[in-house]
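Student: Sharing run03.csv here; it has CSV, C-alpha atoms.
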```
chain,number,residue,atom,x,y,z
A,1,MET,CA,-99.8,-40.9,21.3
A,2,TYR,CA,-97.1,-38.6,20.1
A,3,ASP,CA,-96.2,-39.7,16.6
A,4,GLU,CA,-93.9,-36.8,15.7
A,5,LEU,CA,-91.7,-34.3,17.3
A,6,ASN,CA,-90.7,-30.8,16.3
A,7,ILE,CA,-86.9,-30.5,16.5
A,8,PHE,CA,-84.7,-27.8,15.1
A,9,GLY,CA,-87.6,-26.2,13.4
A,10,PHE,CA,-89.1,-29.2,11.5
A,11,ASN,CA,-91.2,-32.2,12.2
A,12,HIS,CA,-89.7,-35.6,12.7
A,13,LYS,CA,-91.7,-38.8,12.5
A,14,LEU,CA,-91.1,-41.0,15.5
A,15,MET,CA,-92.4,-44.2,13.8
A,16,LEU,CA,-93.2,-45.8,17.1
A,17,THR,CA,-94.2,-49.5,17.0
A,18,LYS,CA,-97.6,-50.7,18.2
A,19,SER,CA,-96.0,-52.1,21.4
A,20,GLU,CA,-94.2,-48.8,22.0
A,21,LYS,CA,-97.4,-46.8,21.7
A,22,SER,CA,-99.2,-49.2,24.0
A,23,PHE,CA,-96.3,-49.1,26.6
A,24,SER,CA,-96.3,-45.3,26.3
A,25,ILE,CA,-99.9,-45.2,27.5
A,26,LEU,CA,-99.1,-47.4,30.5
A,27,TYR,CA,-96.0,-45.3,31.2
A,28,ILE,CA,-98.0,-42.1,31.2
A,29,ILE,CA,-100.5,-43.6,33.5
A,30,LEU,CA,-97.8,-44.6,35.9
A,31,LEU,CA,-96.2,-41.1,35.6
A,32,THR,CA,-99.5,-39.5,36.4
A,33,LEU,CA,-99.8,-41.8,39.5
A,34,GLU,CA,-96.3,-40.8,40.6
A,35,ILE,CA,-97.1,-37.1,40.3
A,36,ALA,CA,-100.4,-37.5,42.1
A,37,THR,CA,-98.9,-39.5,45.0
A,38,SER,CA,-96.0,-37.0,45.4
A,39,SER,CA,-98.3,-34.0,45.3
A,40,ILE,CA,-101.3,-35.1,47.4
A,41,GLU,CA,-100.3,-35.5,51.1
A,42,SER,CA,-103.0,-38.2,51.8
A,43,LEU,CA,-101.4,-40.4,49.1
A,44,ALA,CA,-97.8,-39.8,50.1
A,45,ASN,CA,-97.2,-43.4,51.3
A,46,LEU,CA,-98.3,-44.7,47.9
A,47,ASN,CA,-95.4,-42.8,46.3
A,48,TYR,CA,-93.0,-45.4,47.6
A,49,ILE,CA,-94.7,-47.8,45.2
A,50,ALA,CA,-95.6,-45.5,42.4
A,51,LYS,CA,-92.1,-43.9,41.8
A,52,PRO,CA,-90.1,-47.2,41.4
A,53,LEU,CA,-92.8,-48.6,39.1
A,54,LEU,CA,-91.9,-46.1,36.4
A,55,LEU,CA,-88.3,-47.5,35.9
A,56,ILE,CA,-89.4,-51.1,36.8
A,57,SER,CA,-91.9,-51.0,33.9
A,58,LEU,CA,-89.3,-49.5,31.6
A,59,ILE,CA,-86.7,-52.1,32.5
A,60,PHE,CA,-89.1,-55.0,31.8
A,61,PHE,CA,-90.1,-53.4,28.5
A,62,PHE,CA,-86.5,-52.8,27.4
A,63,TRP,CA,-85.4,-56.4,28.3
A,64,LYS,CA,-88.4,-57.9,26.5
A,65,LYS,CA,-87.8,-55.9,23.3
A,66,SER,CA,-84.0,-55.8,23.2
A,67,SER,CA,-83.0,-59.3,22.2
A,68,HIS,CA,-81.8,-58.0,18.8
A,69,LEU,CA,-79.1,-55.8,20.4
A,70,ASP,CA,-75.5,-56.8,21.0
A,71,HIS,CA,-75.3,-58.7,24.3
A,72,LYS,CA,-72.7,-56.4,25.8
A,73,LEU,CA,-74.5,-53.3,24.8
A,74,ARG,CA,-77.8,-54.7,26.1
A,75,ARG,CA,-76.2,-55.4,29.5
A,76,MET,CA,-74.8,-51.9,29.8
A,77,ILE,CA,-78.2,-50.3,29.0
A,78,PHE,CA,-79.8,-52.6,31.6
A,79,PHE,CA,-77.2,-51.5,34.2
A,80,ALA,CA,-77.9,-47.8,33.3
A,81,LEU,CA,-81.6,-48.4,34.0
A,82,GLY,CA,-80.9,-50.5,37.0
A,83,PHE,CA,-78.7,-47.9,38.7
A,84,SER,CA,-81.3,-45.2,37.8
A,85,LEU,CA,-83.9,-47.3,39.6
A,86,LEU,CA,-81.6,-47.5,42.6
A,87,GLY,CA,-81.1,-43.7,42.5
A,88,ASP,CA,-84.8,-43.2,42.4
A,89,ILE,CA,-85.3,-45.4,45.5
A,90,LEU,CA,-82.5,-43.8,47.5
A,91,LEU,CA,-83.7,-40.2,46.7
A,92,MET,CA,-87.1,-41.1,48.2
A,93,PHE,CA,-85.5,-41.2,51.6
A,94,VAL,CA,-83.4,-37.9,51.5
A,95,ASN,CA,-85.6,-36.4,54.3
A,96,GLN,CA,-84.4,-39.2,56.7
A,97,SER,CA,-80.6,-38.7,56.1
A,98,ALA,CA,-78.3,-36.7,53.8
A,99,ASN,CA,-76.5,-40.0,53.1
A,100,PHE,CA,-79.4,-41.1,50.9
A,101,PHE,CA,-78.8,-38.0,48.7
A,102,ILE,CA,-75.2,-39.0,48.3
A,103,GLY,CA,-76.1,-42.6,47.6
A,104,GLY,CA,-78.6,-41.4,45.0
A,105,LEU,CA,-76.1,-39.1,43.4
A,106,ILE,CA,-73.6,-42.0,43.1
A,107,ALA,CA,-76.2,-44.3,41.7
A,108,PHE,CA,-77.2,-41.8,38.9
A,109,LEU,CA,-73.5,-41.0,38.3
A,110,ILE,CA,-72.9,-44.7,37.5
A,111,ALA,CA,-76.0,-44.8,35.4
A,112,HIS,CA,-74.8,-41.9,33.3
A,113,ILE,CA,-71.4,-43.5,32.9
A,114,PHE,CA,-73.0,-46.6,31.5
A,115,TYR,CA,-75.0,-44.4,29.1
A,116,VAL,CA,-71.8,-42.6,28.1
A,117,LEU,CA,-70.1,-46.0,27.3
A,118,VAL,CA,-73.1,-47.1,25.3
A,119,PHE,CA,-73.2,-43.8,23.2
A,120,LEU,CA,-69.4,-43.9,22.7
A,121,LYS,CA,-69.7,-47.4,21.1
A,122,GLN,CA,-71.9,-45.7,18.5
A,123,ARG,CA,-69.9,-42.6,18.0
A,124,ASN,CA,-69.7,-41.1,14.5
A,125,ARG,CA,-65.9,-40.4,14.3
A,126,SER,CA,-66.3,-38.0,11.4
A,127,LYS,CA,-68.6,-35.8,13.5
A,128,ASN,CA,-67.0,-32.6,14.8
A,129,PRO,CA,-67.8,-32.4,18.5
A,130,PHE,CA,-66.3,-29.1,19.4
A,131,LEU,CA,-69.2,-26.8,18.7
A,132,PHE,CA,-71.7,-28.8,20.7
A,133,ILE,CA,-69.2,-29.5,23.5
A,134,GLY,CA,-68.6,-25.7,23.7
A,135,PHE,CA,-72.4,-25.2,24.1
A,136,VAL,CA,-72.7,-27.8,26.9
A,137,LEU,CA,-69.6,-26.3,28.7
A,138,LEU,CA,-71.2,-22.9,28.5
A,139,TYR,CA,-74.4,-24.3,29.9
A,140,GLY,CA,-72.4,-26.1,32.7
A,141,MET,CA,-70.6,-22.9,33.6
A,142,LEU,CA,-73.8,-20.9,33.8
A,143,LEU,CA,-75.4,-23.6,36.0
A,144,PHE,CA,-72.4,-23.7,38.2
A,145,TYR,CA,-72.5,-19.9,38.6
A,146,PHE,CA,-75.9,-20.3,40.3
A,147,LEU,CA,-75.0,-23.3,42.3
A,148,LYS,CA,-71.5,-22.6,43.6
A,149,ASP,CA,-72.4,-20.6,46.7
A,150,GLY,CA,-74.8,-23.2,48.1
A,151,LEU,CA,-72.6,-26.3,47.4
A,152,GLY,CA,-70.4,-26.4,50.5
A,153,ASP,CA,-69.0,-29.9,51.0
A,154,MET,CA,-70.8,-31.1,47.9
A,155,LEU,CA,-68.6,-28.9,45.6
A,156,LEU,CA,-66.4,-31.7,44.2
A,157,PRO,CA,-69.2,-34.4,44.0
A,158,VAL,CA,-71.5,-32.0,42.1
A,159,ILE,CA,-68.7,-30.8,39.7
A,160,LEU,CA,-67.9,-34.5,38.9
A,161,TYR,CA,-71.6,-35.2,38.4
A,162,MET,CA,-71.9,-32.2,36.1
A,163,VAL,CA,-69.0,-33.4,34.0
A,164,ILE,CA,-70.5,-36.8,33.6
A,165,ILE,CA,-74.1,-35.6,32.7
A,166,LEU,CA,-72.6,-33.1,30.2
A,167,SER,CA,-70.5,-35.9,28.7
A,168,MET,CA,-73.7,-38.0,28.4
A,169,ALA,CA,-75.4,-35.3,26.4
A,170,SER,CA,-72.3,-34.8,24.2
A,171,THR,CA,-71.8,-38.5,23.4
A,172,ALA,CA,-75.6,-38.7,22.6
A,173,PHE,CA,-75.0,-35.9,20.1
A,174,LEU,CA,-72.0,-37.8,18.6
A,175,ARG,CA,-74.3,-40.7,17.5
A,176,GLN,CA,-75.6,-38.6,14.7
A,177,GLY,CA,-74.8,-40.1,11.3
A,178,TYR,CA,-73.7,-43.5,12.9
A,179,VAL,CA,-77.2,-44.7,13.8
A,180,VAL,CA,-80.5,-44.3,12.0
A,181,LYS,CA,-82.1,-40.9,12.3
A,182,ASN,CA,-85.0,-42.1,14.5
A,183,SER,CA,-82.6,-43.6,17.0
A,184,PHE,CA,-80.4,-40.5,17.1
A,185,VAL,CA,-83.3,-38.0,17.6
A,186,LEU,CA,-85.0,-40.0,20.4
A,187,VAL,CA,-81.8,-40.6,22.3
A,188,PHE,CA,-80.5,-37.0,21.9
A,189,ILE,CA,-83.8,-35.5,23.1
A,190,GLY,CA,-83.8,-37.9,26.0
A,191,ALA,CA,-80.2,-36.9,27.0
A,192,ILE,CA,-81.2,-33.2,26.8
A,193,LEU,CA,-84.2,-33.9,29.0
A,194,PHE,CA,-82.1,-35.7,31.5
A,195,MET,CA,-79.7,-32.8,31.7
A,196,ILE,CA,-82.6,-30.4,32.2
A,197,SER,CA,-84.1,-32.6,34.9
A,198,ASP,CA,-80.9,-32.8,36.8
A,199,SER,CA,-80.4,-29.1,36.5
A,200,ILE,CA,-83.8,-28.3,38.0
A,201,LEU,CA,-83.1,-30.7,40.9
A,202,ALA,CA,-79.7,-29.1,41.5
A,203,LEU,CA,-81.1,-25.5,41.4
A,204,ASN,CA,-83.9,-26.5,43.7
A,205,LYS,CA,-81.5,-28.0,46.2
A,206,PHE,CA,-78.4,-25.8,46.1
A,207,TYR,CA,-79.7,-22.5,44.8
A,208,GLN,CA,-83.2,-21.8,45.9
A,209,PRO,CA,-86.6,-23.6,46.0
A,210,LEU,CA,-88.3,-23.5,42.7
A,211,ALA,CA,-92.0,-23.7,41.9
A,212,PHE,CA,-93.6,-27.0,40.7
A,213,THR,CA,-90.4,-29.0,41.0
A,214,ASN,CA,-92.2,-32.2,41.9
A,215,PHE,CA,-93.8,-32.1,38.5
A,216,SER,CA,-91.0,-30.6,36.4
A,217,ILE,CA,-88.2,-32.9,37.7
A,218,ILE,CA,-90.1,-36.2,37.3
A,219,PHE,CA,-91.8,-35.2,34.0
A,220,THR,CA,-88.5,-34.4,32.3
A,221,TYR,CA,-86.7,-37.4,33.9
A,222,ALA,CA,-89.4,-39.9,33.0
A,223,PHE,CA,-89.5,-38.9,29.4
A,224,ALA,CA,-85.7,-38.7,29.3
A,225,GLN,CA,-85.5,-42.4,30.2
A,226,LEU,CA,-88.4,-43.3,27.9
A,227,PHE,CA,-86.9,-41.5,24.9
A,228,ILE,CA,-83.4,-43.0,25.4
A,229,VAL,CA,-84.8,-46.5,25.7
A,230,PHE,CA,-87.0,-46.2,22.6
A,231,GLY,CA,-84.1,-44.7,20.7
A,232,LEU,CA,-81.6,-47.4,21.7
A,233,LEU,CA,-84.1,-50.1,20.7
A,234,LYS,CA,-84.3,-48.6,17.2
A,235,GLN,CA,-80.6,-48.8,16.4
A,236,ARG,CA,-79.4,-51.4,14.0
```
Would you mind writing the file out in structure tokens?
Tutor:
Amino acid sequence: MYDELNIFGFNHKLMLTKSEKSFSILYIILLTLEIATSSIESLANLNYIAKPLLLISLIFFFWKKSSHLDHKLRRMIFFALGFSLLGDILLMFVNQSANFFIGGLIAFLIAHIFYVLVFLKQRNRSKNPFLFIGFVLLYGMLLFYFLKDGLGDMLLPVILYMVIILSMASTAFLRQGYVVKNSFVLVFIGAILFMISDSILALNKFYQPLAFTNFSIIFTYAFAQLFIVFGLLKQR
């Protein structure tokens, strides 16, 4: 499996454990199954099983491997994953009612808040946040420029959601220097992938339909959650 990542121009060793590598293989198989069932019409009904299995497997893996973490921190990460799973389930039914989209948005909003709280507990207080916050604000304003005309009644909920997801990425960045490098890199990449996944989803829904969104959204989302969990398990 992937043993190193190229970040900021140089390779970084992930140092995955044997169990993490084994789980990664299972996770990629489940991800492939999810993509197949969401893309092939004859397999569409199986997607109601395949999609939740991704987060269910990750939740079980996290709970089994996280006994070394602070109990309060462990519960907050569990809730972040649990509300993510709820959001996944609700978003599977958006074609039946717009209320499912609102419910999914709220579930992921709560999940991101839990992640923000987790990352803030590990904040490096000597880290200057302003340059990175400026970057994510610029990113947020650019994204909002494309979304604003199609938001309608969803204007305020989407703005609130954007603030939280950008805060999640910013607080992940602020862990640098407080946790071991491996933990920081994995969580930070996961947070950026989460931001990208949500951006693609928003652009596809409120701006214009995009090509290959079934693949791009779930791919970035699945690895976002995986990297965040692996990174949080590696903290000391």
Student: Calculated over only C-alpha atoms, which of the candidates A:Leu81, A:Ala107, A:Leu151, A:Val187 has the smallest distance to Asn204 (chain A)?
Tutor: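 Counting only C-alpha atoms, the residue closest to Asn204 (chain A) is A:Leu151.
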Student: Extract, using only C-alpha atoms, all DNA, RNA and protein residues at most 10 Å from Leu46 (chain A), discarding same-chain residues fewer than 5 positions from it, and format them as a PyMOL selection string.
Tutor: chain A and resi 33-34+36-38+41+51
Student: Identify the residues within 7 Å of coordinate (-73.4, -38.3, 49.9) (same frame as the file), considering all atoms listed in the file, and give the answer as a PyMOL selection string.
Tutor: chain A and resi 98-103
Student: Smallest atom-to-atom distance to Asp88 (chain A): which of A:Leu43, A:Pro52, A:Ser57, A:Asp70, using only C-alpha atoms?
Tutor: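 Among the listed residues, A:Pro52 lies closest to Asp88 (chain A).
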Student: Have a look at A:Val158, A:Ile35, A:Leu174, A:Leu142 and name the one nearest to Thr213 (chain A); count all atoms listed in the file.
Tutor: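 Distance minimum relative to Thr213 (chain A) lands on A:Ile35.
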Student: I want to know what sits within 7 Å of region 184-186 of chain A, based on only C-alpha atoms, with residues of the same chain fewer than 6 positions away left out; could you give that as a count of residues only?
Tutor: 6
Student: Looking at A:Leu166, A:Leu193, A:Ile49, A:Leu90, which one is nearest to Phe132 (chain A), with distances taken over all atoms listed in the file?
Tutor: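 Looking at the shortest contact to Phe132 (chain A), the residue is A:Leu166.
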Student: Report the distance between CA of Leu203 (chain A) and CA of Phe146 (chain A) in Å, rounded to one decimal place.
Tutor: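 It comes out at 7.4 Å.
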Student: So which one's closest to Ile196 (chain A), A:Asn45, A:Ser84, A:Ser216, A:Ser24? Using only C-alpha atoms, please.
Tutor: A:Ser216
Student: With only C-alpha atoms as the basis for distance, which of A:Met195, A:Gly190, A:Phe119, A:Phe83 is at the shortest distance from Val163 (chain A)?
Tutor: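 Among A:Met195, A:Gly190, A:Phe119, A:Phe83, it is A:Met195 that comes nearest to Val163 (chain A).
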Student: By how many Å are CA of Ser126 (chain A) and CA of Tyr178 (chain A) apart?
Tutor: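 These atoms are spaced 9.3 Å apart.
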Student: Using only C-alpha atoms, list the residues that have an atom at most 12 Å from (-69.0, -29.2, 19.9), coordinates as in the file, as a ChimeraX atom specification.
Tutor: /A:127-138,166-167,169-174
Student: One decimal, in Å: what's the spacing between CA of Val229 (chain A) and CA of Ala50 (chain A)?
Tutor: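 Interatomic distance here is 19.9 Å.
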Student: Could you name the residues that touch Gly150 (chain A) at 10 Å or less, counting all atoms listed in the file, but leaving out those on the same chain fewer than 6 positions away, as a PyMOL selection string?
Tutor: chain A and resi 203+205-208
Student: Do you know which residues are at most 9 Å from Ser66 (chain A) counting only C-alpha atoms, after dropping those on the same chain fewer than 5 positions away, and could you put them as a list in words?
Tutor: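 Residues near the query, excluding close chain neighbours: Phe61, Arg74, Leu232 and Leu233 of chain A.
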Student: Calculate, to one decimal in Å, the centre and edge lengths of the box along x, y and z of the file that holds all listed atoms of region 73-85 of chain A with 8 Å of margin on each side, and present them as JSON.
Tutor:
```
{"center_x": -79.2, "center_y": -50.3, "center_z": 32.2, "size_x": 25.4, "size_y": 26.2, "size_z": 30.8}
```
